[in-house]
Structure formats: structure tokens, C-alpha cells
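Visitor: The structure follows.
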Amino acid sequence: MTTHDLPAALAEIVDDFQALTEPDRLQLLLEFSRELPELPDRLKDHPELLEQVVECQSPLFLAIETEKNDAGPADAVRLYFKAPPEAPTTRGFASVLHEGLDGLSAAEILGVPDDMPELLGLTRAITPLRMRGMTAMLGRIKRKVAASSRSAS
Amino acid sequence: MSYAVEQNEKFAAYANPERLVSTEWLAAALEAGALTDGKLVVVESDEDVLLYETGHIPGSVKIDWHTDLNDEVTRDYVNGEAFAALAAAKGISRDTTVVIYGDKSNWWAAYALWVFTLFGHEDVRLLDGGRDKWIAEGRDLTTDRTAPAPGDYPLVERNDAPIRAFKEDVLAHFGKPLIDVRSPEEYTGQRTHMPAYPEEGALRGGHIPTAASIPWARAAAPDGTYRSREELEALYLGEAGLTAGDDVVAYCRIGERSSHTWFALKYLLGFDTVRNYDGSWTEWGNAVRVPIAKGAERGTVPA
């Protein structure tokens, strides 16, 4: 697998990680963790709309919404995440997926290879176990996107 | 020359009060400039590899359980050479007083302390209550990088035997007490990993026959500090049925949660022989032909 298989924004993030040494990759993940956007108020007030990704070591909640895109060829999928500040690794990875996938079409998100997290070059530093949590996060997004595009069609 | 031992009523009841310091004690020591001469080094050890970077106790250094303490190739701990290099890089000398703290009621901090003990580091203590208590009390945190003056650490061979059990040791241990510190779901065999944690690939669920189930977190109070001597005795002497002088083995999934229990049994209740089986369920639950008990009953000594 190479970054050619990835949507442009995600490919750029992966390239950024791969260009760094391991300590700097962790630093970059930390910066991502700080940039994870707050939930919009309509989700803050409705925690029942968020789904917990139980495979992650730290509590991570996730919601997806589809925005009608009258101008473009496909509807945009919007991603929303919530993870506590004491779980920076989980937040960092959620933020990578947010920046890399938010606003893309369902087909583009479903096309992301399941083992994409491995491309970030963090497995040694984070442990294979934690990487499985990251992979589970991507898997959960894809399952939700697949379910919602099935129900929409 | 090690640092003065904290005196307080709670710690005085424990077998080895010198193994704990309170947040008040540490804050006062830092205030008094304890970190300036290398006699005291504060180490943060967390589950989340990035947590230290989000803010840590001023002057503390980070030791990561995975990248710093585990051997990269063999499932084992680092050797004497790597440990000496790590300690020196963190400003730790052989006679330094090391205070370790971390997230999740010091779960990983206790694990780091156990590894320091494998190398016979004499004066290593836990910050009672750990990171969460320090933060809850509104004490200082910083994101400034700590650049310690290198310590002088000799090459010490690890001595596993007194506090570390291997699978063969556990097989030879039957008839003597075992403590399983995992969740009830893992103990009964309903699941092979912690609730809400990723699957770690154990092929069988259950527990080592005769092991008493005392989930590790029951030794911690809501504020992350260790429970009082009286409460710990009710738990381990009462519920688990240990008696003074017992030779005990504790285990969990990879030996981290059981380090927290190992500390309580060894230093707070004063059991001389307590070993942590770090192979734990990720070894036992995958090993061929080892006996396993399922369900809530402890089970019997295998014939």
C-alpha cells in the first residue's frame, strides 16, 4: 500500500508523518491531538447521537452526518469525534482522521485501506496494541458510513 | 544518600512507609529545590505515550513502559546496559531517590517501579495518588522540556528471581496462593481482554486454577491513592485468604496491573515473597496444556 491509494488530504498527512523521525512523529501526533475540533452544540446537547468506539483504549465517541451537496457530484460525509484530554494519543488519531476524511464522499472514505494507520510509522512507539485501537476507529467510521449510505439509497 | 522519608499517619501503618510519598511532600520537596542536585528525580510513566507531553510535574522526566523498559525484540525487559543508559539519560544515579507517578491510579508507574526493582534500584518510591491527584489538587504542571544533567549509573545485571515469576514457576507454585487482578469478566473467561480495550489475542479465557480474584483497582481509593492498611488487609487477608508469610504470585494480562497489586502486597502489607508473573494471561491463555479454570469458582490444584 502506498499513499497513492489515499484521498489527497490523508495522503498529505501520511507523507508528513513519514518524512519525520519517530520522536517528531509523536510530536506531530500531539499537535494533531490539540487540533481536534470541539463538538458542535447540537451534538454536545445530544450525547445519545454519539456512538462509543469500544475497541479504543480510551473513551472515544463518534458521530457521522451526511450533508447534501447540490453543487458537487456526491454528498459530503461529516465526522465528529469526542475524546478526553487525558487521552492524547486517541485524540491525535481522531484528529488525523478528521483532517484527512471530513467532508469527503462515502465512496472515498470506504476506499481507504483498513491498514492505513500502519502508514503513519507509529507502531513501534505506540505499541501494536494501541495501533489496533486506531485501526478499530477507522473500521468503525467505515462501517457507519457504509450503513448510512445504504439507508440513504 | 537517599532523601528523607516522609512521616505521616497513613503511611506509618504500612510495612514499608518509605516506599510512598504524598503530593504535599513532593510539592514541598520541589519547592525546596530538591531536583537541583540529582539526589531526587521525579519520573512520569503513563499508559498514553503522549500524556507527559500535554503537561507534567515541573522538572520530571518521562519513562515509557513500552519503548524504554521493554526489550524491542524478545518479550523481556531491557538488559543492564540499556537500563544504565536509560537511567543516566534521565539524570538518575544509583543512589538517587526516584519518585514515580503516572495516570490511572499509578498503574504504569507501579510497573516502572517494579522494573527498577528488578535492577535492585534501592530507593524508588510511588507518588500516592499519582498524576490525577496532583492535577485534582491544582498543583503545577508544565510543558517545558526537562533537560537533566546525566546521572552516573553502573551496569547492574537484572535479578529477576525474587520478584518475577515465569510460567514454569507458576506451574511449580500450585498449592500456594495466586492473585488474579483482572476484571471479573476476564477471570471467569467471559472475555480475554479488558472491558473497552482492544483484543490482545489470548486463545483461551479463564484463570489459573486456585487464583483468587481481586481486581487491582480495589486496592486504590477513588482519589487514586492506595487504600489504608486496614482496608488492604480486609481485601487480601480477608477476601483473598492470604496469611502472613505466604509466598504469593500475582498476575494480570501482561504484568502491568499486577505490578500495582505486587506493590501493595510487598511494601504496604509486607509480604516478603511476592512475585509478579508478567507473562500473565497473554502467555497462560495461549500456552499448550496448562490447566485453566473457568467461571467464578477458584478451582482446585491440578492433579
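Following the order of the C-alpha cells, chains are lettered A, B, ..., residues in each are numbered from 1, and ligands are numbered from 1.
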Residues of chain A no more than 10 Å from chain B, counting only C-alpha atoms: send them over as a PyMOL selection string.
Guide: chain A and resi 26-27+29-31+33-34+52-59+85-90+92+124-134+136
Visitor: Skipping near chain neighbours, those fewer than 3 positions away, what residues fall within 10 Å of B:Pro209 using only C-alpha atoms, listed as a PyMOL selection string?
Guide: chain B and resi 174-175+178+206+212+290-294+297-302
Visitor: Those same residues - N, CA and C atoms - I'd like them written as a PDB file, in the first residue's frame.
Guide:
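The result, written out as part_18.pdb:
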```
ATOM      1  N   PHE B 174       1.679 -24.197  42.376  1.00  0.00           N
ATOM      2  CA  PHE B 174       0.337 -24.668  42.755  1.00  0.00           C
ATOM      3  C   PHE B 174       0.327 -25.199  44.178  1.00  0.00           C
ATOM      4  N   GLY B 175      -0.727 -24.829  44.900  1.00  0.00           N
ATOM      5  CA  GLY B 175      -0.805 -25.162  46.314  1.00  0.00           C
ATOM      6  C   GLY B 175      -0.520 -23.943  47.164  1.00  0.00           C
ATOM      7  N   LEU B 178      -2.318 -17.604  44.638  1.00  0.00           N
ATOM      8  CA  LEU B 178      -2.221 -16.812  43.417  1.00  0.00           C
ATOM      9  C   LEU B 178      -3.296 -15.736  43.482  1.00  0.00           C
ATOM     10  N   GLY B 206     -10.382 -17.523  31.017  1.00  0.00           N
ATOM     11  CA  GLY B 206     -10.482 -18.135  32.338  1.00  0.00           C
ATOM     12  C   GLY B 206      -9.358 -17.656  33.221  1.00  0.00           C
ATOM     13  N   ALA B 212      -7.227 -16.381  43.443  1.00  0.00           N
ATOM     14  CA  ALA B 212      -8.298 -15.552  43.993  1.00  0.00           C
ATOM     15  C   ALA B 212      -8.467 -14.342  43.086  1.00  0.00           C
ATOM     16  N   VAL B 290      -1.577 -26.068  29.635  1.00  0.00           N
ATOM     17  CA  VAL B 290      -1.558 -25.593  31.019  1.00  0.00           C
ATOM     18  C   VAL B 290      -2.988 -25.668  31.545  1.00  0.00           C
ATOM     19  N   PRO B 291      -3.157 -25.924  32.836  1.00  0.00           N
ATOM     20  CA  PRO B 291      -4.519 -26.027  33.371  1.00  0.00           C
ATOM     21  C   PRO B 291      -5.193 -24.654  33.475  1.00  0.00           C
ATOM     22  N   ILE B 292      -6.475 -24.622  33.214  1.00  0.00           N
ATOM     23  CA  ILE B 292      -7.259 -23.384  33.262  1.00  0.00           C
ATOM     24  C   ILE B 292      -8.565 -23.674  33.997  1.00  0.00           C
ATOM     25  N   ALA B 293      -8.989 -22.733  34.816  1.00  0.00           N
ATOM     26  CA  ALA B 293     -10.313 -22.847  35.436  1.00  0.00           C
ATOM     27  C   ALA B 293     -11.220 -21.785  34.838  1.00  0.00           C
ATOM     28  N   LYS B 294     -12.471 -22.162  34.588  1.00  0.00           N
ATOM     29  CA  LYS B 294     -13.434 -21.189  34.063  1.00  0.00           C
ATOM     30  C   LYS B 294     -14.512 -20.922  35.104  1.00  0.00           C
ATOM     31  N   GLU B 297     -15.693 -19.718  40.271  1.00  0.00           N
ATOM     32  CA  GLU B 297     -15.030 -20.505  41.307  1.00  0.00           C
ATOM     33  C   GLU B 297     -13.525 -20.535  41.089  1.00  0.00           C
ATOM     34  N   ARG B 298     -12.771 -20.578  42.198  1.00  0.00           N
ATOM     35  CA  ARG B 298     -11.315 -20.566  42.060  1.00  0.00           C
ATOM     36  C   ARG B 298     -10.769 -21.826  41.396  1.00  0.00           C
ATOM     37  N   GLY B 299     -11.428 -22.950  41.640  1.00  0.00           N
ATOM     38  CA  GLY B 299     -10.941 -24.201  41.075  1.00  0.00           C
ATOM     39  C   GLY B 299      -9.957 -24.866  42.035  1.00  0.00           C
ATOM     40  N   THR B 300      -9.506 -26.055  41.655  1.00  0.00           N
ATOM     41  CA  THR B 300      -8.669 -26.843  42.556  1.00  0.00           C
ATOM     42  C   THR B 300      -7.268 -27.011  41.994  1.00  0.00           C
ATOM     43  N   VAL B 301      -6.344 -27.361  42.881  1.00  0.00           N
ATOM     44  CA  VAL B 301      -4.953 -27.610  42.479  1.00  0.00           C
ATOM     45  C   VAL B 301      -4.946 -28.756  41.474  1.00  0.00           C
ATOM     46  N   PRO B 302      -4.346 -28.525  40.293  1.00  0.00           N
ATOM     47  CA  PRO B 302      -4.345 -29.589  39.281  1.00  0.00           C
ATOM     48  C   PRO B 302      -3.600 -30.829  39.801  1.00  0.00           C
TER      49      PRO B 302
END
```
Visitor: Can you pull out every residue within 12 Å of B:Leu86, counting only C-alpha atoms, but drop anything in the same chain fewer than 5 positions away, and send it as a ChimeraX atom specification?
Guide: /B:43,61-65,67-70,78-81,91-93,116,150-155
Visitor: I'd like to know which residues of stretch 36-251 of chain B are alpha helix (DSSP H) (by DSSP, run on the backbone); could you write them as an MDAnalysis selection string?
Guide: chainID B and resid 80:89 107:118 130:136 167:173 184:188 229:233
Visitor: If you count only C-alpha atoms, which residues fall within 6 Å of stretch 266-277 of chain B, apart from same-chain ones fewer than 3 positions away, as a PDB file with N, CA, C and O atoms, in the first residue's frame?
Guide:
```
ATOM      1  N   TYR B  14       1.780   1.242  57.146  1.00  0.00           N
ATOM      2  CA  TYR B  14       2.231   0.277  56.139  1.00  0.00           C
ATOM      3  C   TYR B  14       3.547  -0.371  56.558  1.00  0.00           C
ATOM      4  O   TYR B  14       4.332   0.205  57.328  1.00  0.00           O
ATOM      5  N   ALA B  15       3.822  -1.542  55.983  1.00  0.00           N
ATOM      6  CA  ALA B  15       5.059  -2.262  56.307  1.00  0.00           C
ATOM      7  C   ALA B  15       6.300  -1.460  55.902  1.00  0.00           C
ATOM      8  O   ALA B  15       7.305  -1.450  56.600  1.00  0.00           O
ATOM      9  N   ASN B  16       6.232  -0.805  54.731  1.00  0.00           N
ATOM     10  CA  ASN B  16       7.377  -0.039  54.231  1.00  0.00           C
ATOM     11  C   ASN B  16       6.948   1.377  53.841  1.00  0.00           C
ATOM     12  O   ASN B  16       6.821   1.688  52.658  1.00  0.00           O
ATOM     13  N   ILE B 163      11.369 -11.284  42.507  1.00  0.00           N
ATOM     14  CA  ILE B 163      10.068 -10.602  42.349  1.00  0.00           C
ATOM     15  C   ILE B 163       9.387 -10.893  41.012  1.00  0.00           C
ATOM     16  O   ILE B 163       8.361 -10.307  40.701  1.00  0.00           O
ATOM     17  N   ARG B 164       9.972 -11.782  40.219  1.00  0.00           N
ATOM     18  CA  ARG B 164       9.380 -12.072  38.915  1.00  0.00           C
ATOM     19  C   ARG B 164       9.167 -13.578  38.781  1.00  0.00           C
ATOM     20  O   ARG B 164      10.076 -14.367  39.045  1.00  0.00           O
ATOM     21  N   ALA B 165       7.963 -13.973  38.374  1.00  0.00           N
ATOM     22  CA  ALA B 165       7.674 -15.393  38.167  1.00  0.00           C
ATOM     23  C   ALA B 165       7.506 -15.668  36.681  1.00  0.00           C
ATOM     24  O   ALA B 165       6.924 -14.855  35.952  1.00  0.00           O
ATOM     25  N   PHE B 166       8.045 -16.790  36.245  1.00  0.00           N
ATOM     26  CA  PHE B 166       7.841 -17.259  34.872  1.00  0.00           C
ATOM     27  C   PHE B 166       6.797 -18.385  34.896  1.00  0.00           C
ATOM     28  O   PHE B 166       6.424 -18.864  35.966  1.00  0.00           O
ATOM     29  N   ASP B 247       3.823 -17.146  50.325  1.00  0.00           N
ATOM     30  CA  ASP B 247       4.571 -16.919  49.096  1.00  0.00           C
ATOM     31  C   ASP B 247       3.495 -16.704  48.016  1.00  0.00           C
ATOM     32  O   ASP B 247       2.692 -17.597  47.747  1.00  0.00           O
ATOM     33  N   VAL B 248       3.449 -15.485  47.434  1.00  0.00           N
ATOM     34  CA  VAL B 248       2.317 -15.118  46.583  1.00  0.00           C
ATOM     35  C   VAL B 248       2.782 -14.786  45.166  1.00  0.00           C
ATOM     36  O   VAL B 248       3.831 -14.162  44.977  1.00  0.00           O
ATOM     37  N   VAL B 249       1.973 -15.188  44.180  1.00  0.00           N
ATOM     38  CA  VAL B 249       2.196 -14.762  42.793  1.00  0.00           C
ATOM     39  C   VAL B 249       0.966 -13.997  42.332  1.00  0.00           C
ATOM     40  O   VAL B 249      -0.169 -14.445  42.529  1.00  0.00           O
ATOM     41  N   ALA B 250       1.184 -12.825  41.741  1.00  0.00           N
ATOM     42  CA  ALA B 250       0.086 -12.021  41.178  1.00  0.00           C
ATOM     43  C   ALA B 250       0.255 -11.947  39.666  1.00  0.00           C
ATOM     44  O   ALA B 250       1.383 -11.928  39.163  1.00  0.00           O
ATOM     45  N   TYR B 251      -0.860 -11.910  38.968  1.00  0.00           N
ATOM     46  CA  TYR B 251      -0.775 -11.801  37.507  1.00  0.00           C
ATOM     47  C   TYR B 251      -1.976 -11.045  36.964  1.00  0.00           C
ATOM     48  O   TYR B 251      -2.992 -10.880  37.648  1.00  0.00           O
ATOM     49  N   TRP B 262       1.213  -6.082  43.291  1.00  0.00           N
ATOM     50  CA  TRP B 262       2.512  -6.527  43.825  1.00  0.00           C
ATOM     51  C   TRP B 262       3.044  -5.493  44.830  1.00  0.00           C
ATOM     52  O   TRP B 262       3.499  -5.854  45.920  1.00  0.00           O
ATOM     53  N   PHE B 263       2.954  -4.212  44.464  1.00  0.00           N
ATOM     54  CA  PHE B 263       3.438  -3.140  45.349  1.00  0.00           C
ATOM     55  C   PHE B 263       2.679  -3.160  46.673  1.00  0.00           C
ATOM     56  O   PHE B 263       3.272  -3.062  47.757  1.00  0.00           O
ATOM     57  N   SER B 280       1.712 -13.536  32.399  1.00  0.00           N
ATOM     58  CA  SER B 280       0.292 -13.340  32.672  1.00  0.00           C
ATOM     59  C   SER B 280      -0.623 -14.005  31.647  1.00  0.00           C
ATOM     60  O   SER B 280      -0.249 -15.004  31.025  1.00  0.00           O
TER      61      SER B 280
END
```
Visitor: Residues of stretch 170-250 of chain B classed as strand (DSSP E or B) by DSSP on the backbone are to be reported as a ChimeraX atom specification.
Guide: /B:178-180,207,212-213,220,226,247-250
Visitor: How would the residues just picked look written out with N, CA and C atoms as a PDB file, in the first residue's frame?
Guide:
```pdb
ATOM      1  N   LEU B 178      -2.318 -17.604  44.638  1.00  0.00           N
ATOM      2  CA  LEU B 178      -2.221 -16.812  43.417  1.00  0.00           C
ATOM      3  C   LEU B 178      -3.296 -15.736  43.482  1.00  0.00           C
ATOM      4  N   ILE B 179      -2.965 -14.530  42.994  1.00  0.00           N
ATOM      5  CA  ILE B 179      -3.966 -13.468  42.928  1.00  0.00           C
ATOM      6  C   ILE B 179      -4.121 -13.056  41.473  1.00  0.00           C
ATOM      7  N   ASP B 180      -5.351 -13.128  40.983  1.00  0.00           N
ATOM      8  CA  ASP B 180      -5.670 -12.681  39.632  1.00  0.00           C
ATOM      9  C   ASP B 180      -6.264 -11.287  39.775  1.00  0.00           C
ATOM     10  N   HIS B 207      -9.020 -18.462  34.245  1.00  0.00           N
ATOM     11  CA  HIS B 207      -7.949 -18.055  35.155  1.00  0.00           C
ATOM     12  C   HIS B 207      -7.077 -19.244  35.533  1.00  0.00           C
ATOM     13  N   ALA B 212      -7.227 -16.381  43.443  1.00  0.00           N
ATOM     14  CA  ALA B 212      -8.298 -15.552  43.993  1.00  0.00           C
ATOM     15  C   ALA B 212      -8.467 -14.342  43.086  1.00  0.00           C
ATOM     16  N   SER B 213      -9.705 -13.910  42.892  1.00  0.00           N
ATOM     17  CA  SER B 213      -9.978 -12.748  42.045  1.00  0.00           C
ATOM     18  C   SER B 213     -10.077 -11.485  42.889  1.00  0.00           C
ATOM     19  N   ALA B 220      -7.110   0.641  45.275  1.00  0.00           N
ATOM     20  CA  ALA B 220      -6.996   2.097  45.169  1.00  0.00           C
ATOM     21  C   ALA B 220      -8.289   2.765  45.619  1.00  0.00           C
ATOM     22  N   TYR B 226      -3.434   4.620  47.466  1.00  0.00           N
ATOM     23  CA  TYR B 226      -3.646   3.276  47.994  1.00  0.00           C
ATOM     24  C   TYR B 226      -4.606   3.336  49.176  1.00  0.00           C
ATOM     25  N   ASP B 247       3.823 -17.146  50.325  1.00  0.00           N
ATOM     26  CA  ASP B 247       4.571 -16.919  49.096  1.00  0.00           C
ATOM     27  C   ASP B 247       3.495 -16.704  48.016  1.00  0.00           C
ATOM     28  N   VAL B 248       3.449 -15.485  47.434  1.00  0.00           N
ATOM     29  CA  VAL B 248       2.317 -15.118  46.583  1.00  0.00           C
ATOM     30  C   VAL B 248       2.782 -14.786  45.166  1.00  0.00           C
ATOM     31  N   VAL B 249       1.973 -15.188  44.180  1.00  0.00           N
ATOM     32  CA  VAL B 249       2.196 -14.762  42.793  1.00  0.00           C
ATOM     33  C   VAL B 249       0.966 -13.997  42.332  1.00  0.00           C
ATOM     34  N   ALA B 250       1.184 -12.825  41.741  1.00  0.00           N
ATOM     35  CA  ALA B 250       0.086 -12.021  41.178  1.00  0.00           C
ATOM     36  C   ALA B 250       0.255 -11.947  39.666  1.00  0.00           C
TER      37      ALA B 250
END
```
Visitor: Find the spatial neighbours of stretch 98-102 of chain A, counting only C-alpha atoms, within a cut-off of 7 Å - ignore same-chain residues fewer than 3 positions away - and output them as a compact mmCIF listing (two decimals) with N, CA and C atoms, in the first residue's frame.
Guide:
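Below is the file out_18.txt, written as the result:
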```
# COMPACT_ATOMS: atom_id res chain seq x y z
N ALA A 9 -6.02 14.63 1.03
CA ALA A 9 -5.71 15.24 2.33
C ALA A 9 -5.06 14.23 3.27
N LEU A 10 -5.55 13.00 3.23
CA LEU A 10 -4.99 11.96 4.10
C LEU A 10 -3.59 11.57 3.62
N VAL A 77 -19.65 13.55 3.66
CA VAL A 77 -19.79 12.93 4.97
C VAL A 77 -19.03 13.77 5.99
N ARG A 78 -19.73 14.18 7.05
CA ARG A 78 -19.07 14.96 8.10
C ARG A 78 -18.82 14.06 9.30
N LEU A 79 -17.61 14.20 9.88
CA LEU A 79 -17.20 13.35 11.01
C LEU A 79 -17.08 14.19 12.27
N ALA A 94 -7.81 10.54 16.14
CA ALA A 94 -9.14 11.02 15.71
C ALA A 94 -8.97 12.28 14.87
N SER A 95 -8.05 13.13 15.29
CA SER A 95 -7.82 14.39 14.60
C SER A 95 -7.20 14.16 13.21
N ILE A 109 -14.30 7.59 1.47
CA ILE A 109 -13.96 7.09 2.81
C ILE A 109 -13.91 5.57 2.81
```
